[in-house]
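Asks: So that we are looking at the same thing, I have put the structure below in structure tokens.
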Amino acid sequence: MKLWIGIAALAVSFSFAPAAFAEPLEKEAALTMALKNNPRVNAAIARIESAEGMRLQASLIPNPEVMLEIENFGGEDERNGFDGAEATLGIEQEIELGGKRQKRTEVAEYQTNIVRERSVAEALSVLAETDYAFMRLAIAQERLALAEKRVALAAETHEAVKKRVSAAAASDIQHTKADIEQSAAKLENTKAQKELAEAESVLRALLAGSDYSDIQADLAALPDLPDRSALLEAVKNTPQIRAATFAKMQADARFDLAKANALPNPTFGLGVRRYNENDSNALVAGVSFPLPVFNRNQGEIKQAKANILEADANARQQHIDLEQSALAAWETLAAAHAEAGAYQGDMVPSAERAYRQASEGYGAGRFSFLDLLDAQRTLYEVQEARLDSLLALYEAKAQIDFLMGAHKPLIQDIIQGDTE
């Protein structure tokens with residue numbers, strides 16, 4: 001009887017209180033590590049700097065050109081040597097007409113905004129992946145703890161059945177079934193160890209090798225279910241949608257620039273001419289510009305006009321895709337939230353009570369070994385199903401957090417610019 005009371009106590013300890021770890025890593029600290037060390041975030045920041053450099057370059061005025069020209073030298077008679085030479089030193093400047101520089105700068109400014117929004121999306125994606133990887137590791141740790149308890153419980157059951165068989169109080173078939181249950185528990189423990197190793201590898205990759213010992217998370221506290229309408233409203237202002245909107249604006253600006261480029265730019269020149277023949281000087285001035293006879297930038301204008309239609313279509317498709325993803329993630333989260341709540345609030349406690357009653361009853365001879373084994377398996381399956389529902393819940397939550405920009409405050413100091 002004492003042995004079965006001990007087994008019952010072990011079964012009750014099949015709970016989900018987080019294990020105590022030395023120097024645990026909390027989720028907020030993990031997110032900060034990912035922002036600081038993840039190569040994808042670092043590359044996103046570099047792309048913003050690159051785009052800002054392109055914008056600066058687009059805003060610059062064309063450089064003036066220095067012109068030096070020597071005429072009428074090295075000839076015959078009075079043109080021999082440099083005695084009759086004419087030397088001209090001047091400067092030429094191309095003048096951009098039609099607001100080309102302003103329009104070019106506007107195109108580059110939109111490109112900077114596009115890159116910035118995409119970089120924000122990349123950073124938010126890394127944070128969402130880190131959030132999910134962190135919770136996945138916490139679930140994997142709990143799954144391993146559950147598997148180890150199952151191994152211990154199976155060993156206790158196996159030993160108890162062995163004693164009853166030796167005392168002729170139970171049949172050999174019960175001993176065989178206890179052997180099978182013990183082997184199954186060991187296999188599940190091996191599987192849980194593998195899953196834990198995979199989860200830890202994913203998190204460490206996202207943290208780019210940042211050093212930490214263990215993690216700590218409260219799996220009993222379920223996250224709140226966001227309002228469905230608030231999610232759909234948030235989708236309209238995601239970095240992806242904002243980037244698509246800037247892309248539409250950029251396409252319009254490129255069309256204006258293409259039309260402006262059809263207007264040729266004149267080049268003005270001014271200089272001083274030296275006449276060696278009589279040691280006199282004179283000013284010279286000139287202007288030149290291409291004649292738009294064959295090339296009036298027709299192809300670029302046509303291409304830019306088509307790009308406006310493409311950008312508009314891409315923006316609409318982007319919104320459709322994100323809205324569908326949001327709805328699917330919300331439905332998954334809602335279902336997983338209800339499922340996990342049911343497991344935590346009712347099914348796991350009920351399975352624990354059933355196993356405790358079966359173990360005590362088996363020790364007193366009121367229940368058969370099959371009743372005990374069935375209660376034990378039911379307890380484990382319910383606990384495993386709870387962890388599966390939590391895994392689905394946090395995966396869907398990560399997608400929704402990404403779409404709603406839940407981690408956006410964390411990146412304000414890292415990715416500068418108007419991200420509101």
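In the structure tokens, chains take the letters A, B, ... in the order shown, each chain's residues start at 1, and ligands count up from 1 in the order shown.
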Can I get the residues of segment 261-363 of chain A within 9 Å of segment 215-223 of chain A, each with the closest pair of atoms and their distance in Å to one decimal, using only C-alpha atoms, sorted chain first then ascending number, as a tab-separated table?

Replies:
```
residue	atom	partner	partner_atom	distance
A:His337	CA	A:Leu222	CA	7.4
A:Ala340	CA	A:Leu222	CA	8.1
A:Gly341	CA	A:Leu222	CA	7.7
A:Gln344	CA	A:Ala220	CA	7.6
```

Asks: Based on the selection just made, write N, CA and C atoms of those residues as a PDB file, in the first residue's frame.

Replies:
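File produced: again-v7.pdb:
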```pdb
ATOM      1  N   HIS A 337      -6.014  28.393 -27.950  1.00  0.00           N
ATOM      2  CA  HIS A 337      -6.229  29.035 -26.646  1.00  0.00           C
ATOM      3  C   HIS A 337      -7.342  28.323 -25.875  1.00  0.00           C
ATOM      4  N   ALA A 340      -5.994  24.747 -24.941  1.00  0.00           N
ATOM      5  CA  ALA A 340      -5.039  24.760 -23.831  1.00  0.00           C
ATOM      6  C   ALA A 340      -5.731  25.096 -22.523  1.00  0.00           C
ATOM      7  N   GLY A 341      -6.698  26.028 -22.583  1.00  0.00           N
ATOM      8  CA  GLY A 341      -7.448  26.367 -21.381  1.00  0.00           C
ATOM      9  C   GLY A 341      -8.240  25.183 -20.850  1.00  0.00           C
ATOM     10  N   GLN A 344      -5.736  22.731 -19.221  1.00  0.00           N
ATOM     11  CA  GLN A 344      -5.217  23.192 -17.936  1.00  0.00           C
ATOM     12  C   GLN A 344      -6.293  23.263 -16.861  1.00  0.00           C
TER      13      GLN A 344
END
```

Asks: Name all residues at most 8 Å from Ala375 of chain A (count only C-alpha atoms; drop same-chain ones fewer than 5 positions away) and give them as a list in words.

Replies: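 Close residues of Ala375 of chain A: Ala351, Ala354, Tyr355 and Ala358 of chain A.
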
Asks: I need the residues in segment 182-336 of chain A that are strand (DSSP E or B) according to DSSP; give them as a short mmCIF file (atom, residue, chain, number, x, y, z; two decimals) with C-alpha atoms, in the first residue's frame.

Replies:
```
data_model
loop_
_atom_site.label_atom_id
_atom_site.label_comp_id
_atom_site.auth_asym_id
_atom_site.auth_seq_id
_atom_site.Cartn_x
_atom_site.Cartn_y
_atom_site.Cartn_z
CA ASP A 214 18.62 28.00 -19.01
CA ILE A 215 15.37 29.80 -19.67
CA THR A 267 25.48 72.85 -70.70
CA PHE A 268 26.78 76.40 -70.22
CA GLY A 269 30.42 77.30 -70.49
CA LEU A 270 32.46 80.38 -69.66
CA GLY A 271 36.18 80.91 -70.06
CA VAL A 272 39.14 83.08 -70.97
CA ARG A 273 40.97 82.84 -74.26
CA ARG A 274 44.63 83.84 -74.60
CA TYR A 275 45.89 85.01 -78.01
CA SER A 280 45.66 89.68 -75.75
CA ASN A 281 42.86 88.04 -73.82
CA ALA A 282 39.12 87.71 -74.36
CA LEU A 283 36.12 86.04 -72.72
CA VAL A 284 34.38 83.17 -74.42
CA ALA A 285 30.96 81.69 -73.61
CA GLY A 286 28.96 78.84 -75.02
CA VAL A 287 25.91 76.69 -74.58
CA SER A 288 25.10 73.21 -75.89
#
```

Asks: Near Ala58 of chain A, counting only C-alpha atoms, which residues have an atom at most 12 Å away, once you skip same-chain residues fewer than 5 positions from it, shown as a ChimeraX atom specification?

Replies: /A:51-53,100-112

Asks: Which residue gives the smallest distance to Leu387 of chain A among A:Arg143, A:Arg254, A:Arg118, A:Arg204, with only C-alpha atoms counted?

Replies: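 Closest to Leu387 of chain A, using only C-alpha atoms: A:Arg143.
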
Asks: Between A:Gln318, A:Phe134, A:Leu373, A:Leu263, which has the minimum distance to Ala243 of chain A (counting only C-alpha atoms)?

Replies: A:Gln318

Asks: Pick out the residues sitting within 8 Å of segment 197-199 of chain A, and hand them over as a VMD selection string; count only C-alpha atoms, and ignore anything fewer than 2 positions along from it in its own chain.

Replies: chain A and resid 133 136 to 137 140 193 to 195 201 to 203

Asks: Emit the selected residues as a short mmCIF file (atom, residue, chain, number, x, y, z; two decimals), in the first residue's frame, including C-alpha atoms.

Replies:
```cif
data_model
loop_
_atom_site.label_atom_id
_atom_site.label_comp_id
_atom_site.auth_asym_id
_atom_site.auth_seq_id
_atom_site.Cartn_x
_atom_site.Cartn_y
_atom_site.Cartn_z
CA ALA A 133 11.64 29.70 -30.28
CA ARG A 136 9.13 26.25 -27.90
CA LEU A 137 12.23 25.61 -25.81
CA ALA A 140 10.42 21.19 -24.83
CA GLN A 193 15.61 14.89 -25.47
CA LYS A 194 15.96 15.20 -29.24
CA GLU A 195 13.19 17.79 -29.41
CA SER A 201 19.64 24.94 -31.38
CA VAL A 202 17.01 27.13 -33.06
CA LEU A 203 17.00 29.64 -30.21
#
```

Asks: My list of candidates is A:Leu322, A:Ala34, A:Leu187, A:Ala260. Which is closest to Asn237 of chain A when distances are computed with only C-alpha atoms?

Replies: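 Counting only C-alpha atoms, the residue closest to Asn237 of chain A is A:Leu322.
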
Asks: Within 8 Å of Glu94 of chain A, counting only C-alpha atoms, which residues show up once you throw out same-chain ones fewer than 4 positions away? Write them as an NGL selection string, please.

Replies: :A and (62-64 or 265-268)

Asks: So, counting only C-alpha atoms, which residue among A:Ala30, A:Ala406, A:Ala304, A:Val235 is closest to Ala258 of chain A?

Replies: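 The answer is A:Ala304, which sits nearest to Ala258 of chain A.
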
Asks: Do you know which residues are at most 12 Å from Glu188 of chain A counting only C-alpha atoms, after dropping those on the same chain fewer than 3 positions away, and could you put them as an mmCIF file with N, CA, C and O atoms, in the first residue's frame?

Replies:
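Done, and the output landed in selection_25.cif:
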```
data_model
loop_
_atom_site.group_PDB
_atom_site.id
_atom_site.type_symbol
_atom_site.label_atom_id
_atom_site.label_comp_id
_atom_site.auth_asym_id
_atom_site.auth_seq_id
_atom_site.Cartn_x
_atom_site.Cartn_y
_atom_site.Cartn_z
ATOM 1 N N ARG A 143 8.315 19.159 -21.660
ATOM 2 C CA ARG A 143 8.029 17.845 -22.236
ATOM 3 C C ARG A 143 9.053 16.815 -21.766
ATOM 4 O O ARG A 143 8.713 15.660 -21.490
ATOM 5 N N LEU A 144 10.319 17.245 -21.682
ATOM 6 C CA LEU A 144 11.354 16.329 -21.201
ATOM 7 C C LEU A 144 11.129 16.001 -19.727
ATOM 8 O O LEU A 144 11.279 14.843 -19.309
ATOM 9 N N ALA A 145 10.765 17.019 -18.931
ATOM 10 C CA ALA A 145 10.487 16.764 -17.513
ATOM 11 C C ALA A 145 9.327 15.784 -17.370
ATOM 12 O O ALA A 145 9.357 14.877 -16.528
ATOM 13 N N LEU A 146 8.312 15.947 -18.221
ATOM 14 C CA LEU A 146 7.171 15.033 -18.208
ATOM 15 C C LEU A 146 7.606 13.619 -18.592
ATOM 16 O O LEU A 146 7.191 12.635 -17.963
ATOM 17 N N ALA A 147 8.457 13.517 -19.617
ATOM 18 C CA ALA A 147 8.928 12.199 -20.055
ATOM 19 C C ALA A 147 9.766 11.534 -18.967
ATOM 20 O O ALA A 147 9.666 10.312 -18.758
ATOM 21 N N GLU A 148 10.582 12.308 -18.274
ATOM 22 C CA GLU A 148 11.396 11.732 -17.188
ATOM 23 C C GLU A 148 10.516 11.243 -16.043
ATOM 24 O O GLU A 148 10.788 10.192 -15.445
ATOM 25 N N LYS A 149 9.460 11.990 -15.758
ATOM 26 C CA LYS A 149 8.527 11.558 -14.714
ATOM 27 C C LYS A 149 7.782 10.297 -15.152
ATOM 28 O O LYS A 149 7.495 9.414 -14.337
ATOM 29 N N ARG A 150 7.496 10.239 -16.450
ATOM 30 C CA ARG A 150 6.820 9.036 -16.949
ATOM 31 C C ARG A 150 7.733 7.819 -16.813
ATOM 32 O O ARG A 150 7.274 6.726 -16.453
ATOM 33 N N VAL A 151 9.036 8.012 -17.112
ATOM 34 C CA VAL A 151 9.990 6.914 -16.965
ATOM 35 C C VAL A 151 10.044 6.461 -15.506
ATOM 36 O O VAL A 151 10.023 5.255 -15.206
ATOM 37 N N ALA A 154 6.813 4.716 -14.639
ATOM 38 C CA ALA A 154 6.764 3.380 -15.252
ATOM 39 C C ALA A 154 7.662 2.410 -14.497
ATOM 40 O O ALA A 154 7.329 1.226 -14.341
ATOM 41 N N GLU A 181 5.152 -0.764 -21.168
ATOM 42 C CA GLU A 181 4.942 0.636 -20.760
ATOM 43 C C GLU A 181 6.265 1.291 -20.393
ATOM 44 O O GLU A 181 6.509 2.461 -20.726
ATOM 45 N N GLN A 182 7.144 0.553 -19.746
ATOM 46 C CA GLN A 182 8.446 1.099 -19.370
ATOM 47 C C GLN A 182 9.288 1.389 -20.622
ATOM 48 O O GLN A 182 9.946 2.432 -20.702
ATOM 49 N N SER A 183 9.246 0.499 -21.596
ATOM 50 C CA SER A 183 9.991 0.712 -22.843
ATOM 51 C C SER A 183 9.442 1.911 -23.598
ATOM 52 O O SER A 183 10.206 2.720 -24.148
ATOM 53 N N ALA A 184 8.118 2.039 -23.649
ATOM 54 C CA ALA A 184 7.500 3.185 -24.329
ATOM 55 C C ALA A 184 7.890 4.492 -23.655
ATOM 56 O O ALA A 184 8.147 5.500 -24.322
ATOM 57 N N ALA A 185 7.957 4.471 -22.322
ATOM 58 C CA ALA A 185 8.340 5.675 -21.589
ATOM 59 C C ALA A 185 9.774 6.075 -21.923
ATOM 60 O O ALA A 185 10.091 7.259 -22.083
ATOM 61 N N LYS A 191 12.881 10.759 -27.379
ATOM 62 C CA LYS A 191 12.276 11.701 -28.326
ATOM 63 C C LYS A 191 12.229 13.113 -27.743
ATOM 64 O O LYS A 191 12.510 14.099 -28.452
ATOM 65 N N ALA A 192 11.893 13.216 -26.466
ATOM 66 C CA ALA A 192 11.829 14.528 -25.816
ATOM 67 C C ALA A 192 13.213 15.165 -25.734
ATOM 68 O O ALA A 192 13.362 16.386 -25.887
ATOM 69 N N GLN A 193 14.239 14.365 -25.500
ATOM 70 C CA GLN A 193 15.609 14.891 -25.471
ATOM 71 C C GLN A 193 16.017 15.444 -26.828
ATOM 72 O O GLN A 193 16.649 16.512 -26.920
ATOM 73 N N LYS A 194 15.641 14.747 -27.885
ATOM 74 C CA LYS A 194 15.959 15.200 -29.242
ATOM 75 C C LYS A 194 15.234 16.505 -29.559
ATOM 76 O O LYS A 194 15.818 17.444 -30.126
ATOM 77 N N GLU A 195 13.965 16.571 -29.174
ATOM 78 C CA GLU A 195 13.192 17.787 -29.414
ATOM 79 C C GLU A 195 13.763 18.960 -28.638
ATOM 80 O O GLU A 195 13.819 20.095 -29.153
ATOM 81 N N TYR A 380 -0.738 10.704 -19.184
ATOM 82 C CA TYR A 380 0.394 11.144 -20.016
ATOM 83 C C TYR A 380 -0.101 11.746 -21.335
ATOM 84 O O TYR A 380 0.398 12.787 -21.784
ATOM 85 N N GLU A 381 -1.064 11.107 -21.962
ATOM 86 C CA GLU A 381 -1.565 11.607 -23.244
ATOM 87 C C GLU A 381 -2.212 12.984 -23.101
ATOM 88 O O GLU A 381 -2.043 13.849 -23.969
ATOM 89 N N GLU A 384 0.593 15.482 -22.633
ATOM 90 C CA GLU A 384 1.263 15.681 -23.920
ATOM 91 C C GLU A 384 0.402 16.525 -24.858
ATOM 92 O O GLU A 384 0.911 17.424 -25.542
#
```

Asks: Restricting the calculation to only C-alpha atoms, which member of A:Gln317, A:Asn278, A:Ser350, A:Asn261 is positioned closest to Gly98 of chain A?

Replies: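 Smallest distance to Gly98 of chain A is found for A:Asn261.
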